[in-house]
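Scroll down for the structure; my scribbles are underneath it.
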Amino acid sequence: MCLYHRIFYTCNHSNYTLAYNCYHVLFQLQRINNPWERSRFDIPFELNPNCNPSQRNVIAPRYSEHPCDVCVQRDQERMFFEGANCFFVGTGGRT
């Protein structure tokens, strides 16, 4: 069973990061070294359902001093469009 950290961001969002992977995931990754598997067009990654984040396999939470990536991107887009009057041609920047 894989173990995860739950990260809490300053924007009140949370996400999971992999802390330790189990042997099942390691064996799936090692299939890349098998010449027969490597010759196939795509190598299916068969993840064990017990490896998904759940209440049983989340260890100590971590707290970030920053907002999550989605909120950072949203804020960057908002700042870009607020300063771009050229998109509103003929209105002088007014909507």
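Ligands are numbered from 1 in the order shown, chains are lettered A, B, ... in the order of the structure tokens, and residues start at 1 in each chain.
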
**Request:** From a DSSP pass on the backbone, collect the residues of chain A flagged as helix (DSSP H, G or I) and hand them back as JSON, numbers by chain.
**Result:** {"A": [23, 24, 25, 26, 27, 28, 29, 30, 31, 32, 33, 35, 36, 37, 38, 39, 49, 50, 51, 69, 70, 71, 72, 73, 74, 75, 76, 77, 78, 79, 80, 81, 82, 85, 86, 87]}

**Request:** Based on DSSP run over this structure's backbone, return all residues of chain A in strand (DSSP E), as a ChimeraX atom specification.
**Result:** /A:3-8,14-20,58-63

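Near stretch 5-12 of chain A, within 8 Å and counting only C-alpha atoms, sit Thr17, Leu18, Ala19, Val58, Ile59, Ala60, Pro61, Arg62, Tyr63, Ser64, Glu65, His66, Pro67, Cys68 and Cys71 of chain A, not including residues fewer than 5 positions from it in the same chain.
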
Expected file: the selected residues, all heavy atoms, as a compact mmCIF listing (two decimals), in the first residue's frame:
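Below is the file selection-v9.txt, written as the result:
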```
# COMPACT_ATOMS: atom_id res chain seq x y z
N THR A 17 0.45 14.13 -2.12
CA THR A 17 1.72 13.81 -2.76
C THR A 17 2.17 12.45 -2.25
O THR A 17 1.93 12.09 -1.09
CB THR A 17 2.81 14.86 -2.45
OG1 THR A 17 2.99 14.92 -1.04
CG2 THR A 17 2.45 16.21 -2.99
N LEU A 18 2.82 11.72 -3.11
CA LEU A 18 3.27 10.38 -2.76
C LEU A 18 4.47 10.47 -1.83
O LEU A 18 5.45 11.15 -2.12
CB LEU A 18 3.66 9.62 -4.04
CG LEU A 18 4.06 8.18 -3.87
CD1 LEU A 18 2.89 7.35 -3.36
CD2 LEU A 18 4.56 7.62 -5.19
N ALA A 19 4.37 9.82 -0.69
CA ALA A 19 5.47 9.80 0.27
C ALA A 19 6.33 8.56 0.04
O ALA A 19 7.54 8.65 -0.12
CB ALA A 19 4.93 9.82 1.70
N VAL A 58 -2.92 7.84 4.38
CA VAL A 58 -2.42 9.22 4.43
C VAL A 58 -1.71 9.40 5.76
O VAL A 58 -2.30 9.21 6.82
CB VAL A 58 -3.56 10.25 4.27
CG1 VAL A 58 -3.04 11.65 4.49
CG2 VAL A 58 -4.18 10.11 2.90
N ILE A 59 -0.42 9.73 5.67
CA ILE A 59 0.34 9.93 6.90
C ILE A 59 0.34 11.42 7.23
O ILE A 59 -0.47 12.16 6.69
CB ILE A 59 1.76 9.36 6.78
CG1 ILE A 59 2.49 9.90 5.56
CG2 ILE A 59 1.70 7.85 6.68
CD1 ILE A 59 3.91 9.37 5.39
N ALA A 60 1.20 11.87 8.07
CA ALA A 60 1.19 13.23 8.62
C ALA A 60 0.92 14.30 7.56
O ALA A 60 1.51 14.28 6.49
CB ALA A 60 2.52 13.51 9.28
N PRO A 61 0.02 15.24 7.86
CA PRO A 61 -0.25 16.33 6.91
C PRO A 61 0.93 17.30 6.86
O PRO A 61 1.72 17.41 7.79
CB PRO A 61 -1.49 17.01 7.49
CG PRO A 61 -1.43 16.71 8.94
CD PRO A 61 -0.79 15.35 9.06
N ARG A 62 1.00 18.00 5.75
CA ARG A 62 2.00 19.05 5.57
C ARG A 62 1.26 20.34 5.22
O ARG A 62 0.25 20.31 4.56
CB ARG A 62 2.98 18.69 4.47
CG ARG A 62 3.87 17.54 4.85
CD ARG A 62 4.94 17.33 3.85
NE ARG A 62 5.86 16.31 4.32
CZ ARG A 62 6.90 15.90 3.67
NH1 ARG A 62 7.18 16.43 2.49
NH2 ARG A 62 7.67 14.98 4.15
N TYR A 63 1.84 21.45 5.67
CA TYR A 63 1.22 22.75 5.44
C TYR A 63 2.16 23.60 4.60
O TYR A 63 3.34 23.73 4.90
CB TYR A 63 0.91 23.44 6.76
CG TYR A 63 -0.08 22.64 7.58
CD1 TYR A 63 0.36 21.71 8.52
CD2 TYR A 63 -1.43 22.79 7.38
CE1 TYR A 63 -0.54 20.96 9.25
CE2 TYR A 63 -2.34 22.05 8.11
CZ TYR A 63 -1.89 21.13 9.04
OH TYR A 63 -2.78 20.39 9.75
N SER A 64 1.62 24.16 3.54
CA SER A 64 2.41 25.00 2.64
C SER A 64 2.18 26.46 2.97
O SER A 64 1.09 26.85 3.39
CB SER A 64 2.00 24.72 1.19
OG SER A 64 2.64 25.61 0.32
N GLU A 65 3.21 27.27 2.74
CA GLU A 65 3.10 28.71 2.95
C GLU A 65 2.61 29.43 1.71
O GLU A 65 2.56 30.65 1.68
CB GLU A 65 4.46 29.28 3.37
CG GLU A 65 5.00 28.70 4.64
CD GLU A 65 6.40 29.19 4.94
OE1 GLU A 65 6.95 29.99 4.15
OE2 GLU A 65 6.94 28.78 5.98
N HIS A 66 2.27 28.68 0.67
CA HIS A 66 1.90 29.25 -0.62
C HIS A 66 0.53 28.74 -1.06
O HIS A 66 0.08 27.70 -0.60
CB HIS A 66 2.94 28.87 -1.68
CG HIS A 66 4.34 29.20 -1.27
ND1 HIS A 66 4.82 30.48 -1.26
CD2 HIS A 66 5.35 28.40 -0.84
CE1 HIS A 66 6.08 30.47 -0.84
NE2 HIS A 66 6.42 29.22 -0.58
N PRO A 67 -0.12 29.44 -1.98
CA PRO A 67 -1.38 28.92 -2.56
C PRO A 67 -1.07 27.78 -3.52
O PRO A 67 0.07 27.60 -3.95
CB PRO A 67 -1.97 30.13 -3.28
CG PRO A 67 -0.83 31.05 -3.52
CD PRO A 67 0.17 30.79 -2.45
N CYS A 68 -2.09 27.04 -3.90
CA CYS A 68 -1.92 25.92 -4.82
C CYS A 68 -1.66 26.42 -6.24
O CYS A 68 -1.86 27.60 -6.55
CB CYS A 68 -3.13 25.00 -4.78
SG CYS A 68 -4.61 25.70 -5.52
N CYS A 71 -4.68 28.13 -8.07
CA CYS A 71 -4.97 29.51 -7.65
C CYS A 71 -3.90 30.47 -8.14
O CYS A 71 -4.22 31.61 -8.51
CB CYS A 71 -5.08 29.57 -6.13
SG CYS A 71 -6.56 28.77 -5.50
```

**Asked** Separation of atom CA of A:Tyr4 and atom CA of A:Asn33, in Å?
**Response** 26.1 Å

**Message:** What does the structure give for the distance between atom CA of A:Arg31 and atom CA of A:Asn52, in Å to one decimal?
**Reply:**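 Taking atom CA of A:Arg31 and atom CA of A:Asn52, their separation equals 20.2 Å.
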
**Request:** Just give me the gap between atom CA of A:Glu46 and atom CA of A:His24 in Å, one decimal is fine.
**Result:**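 The value is 9.2 Å.
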
**Request:** Considering only C-alpha atoms, return as a PyMOL selection string whatever protein or nucleic-acid residues lie within 12 Å of A:Ile32, sequence-local ones (same chain, fewer than 6 positions apart) excluded.
**Result:** chain A and resi 26+38-45

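Comparing A:Cys2, A:Phe27, A:Val70, A:Cys51 by their smallest distance to A:Ser14, the closest is A:Val70 (using only C-alpha atoms).
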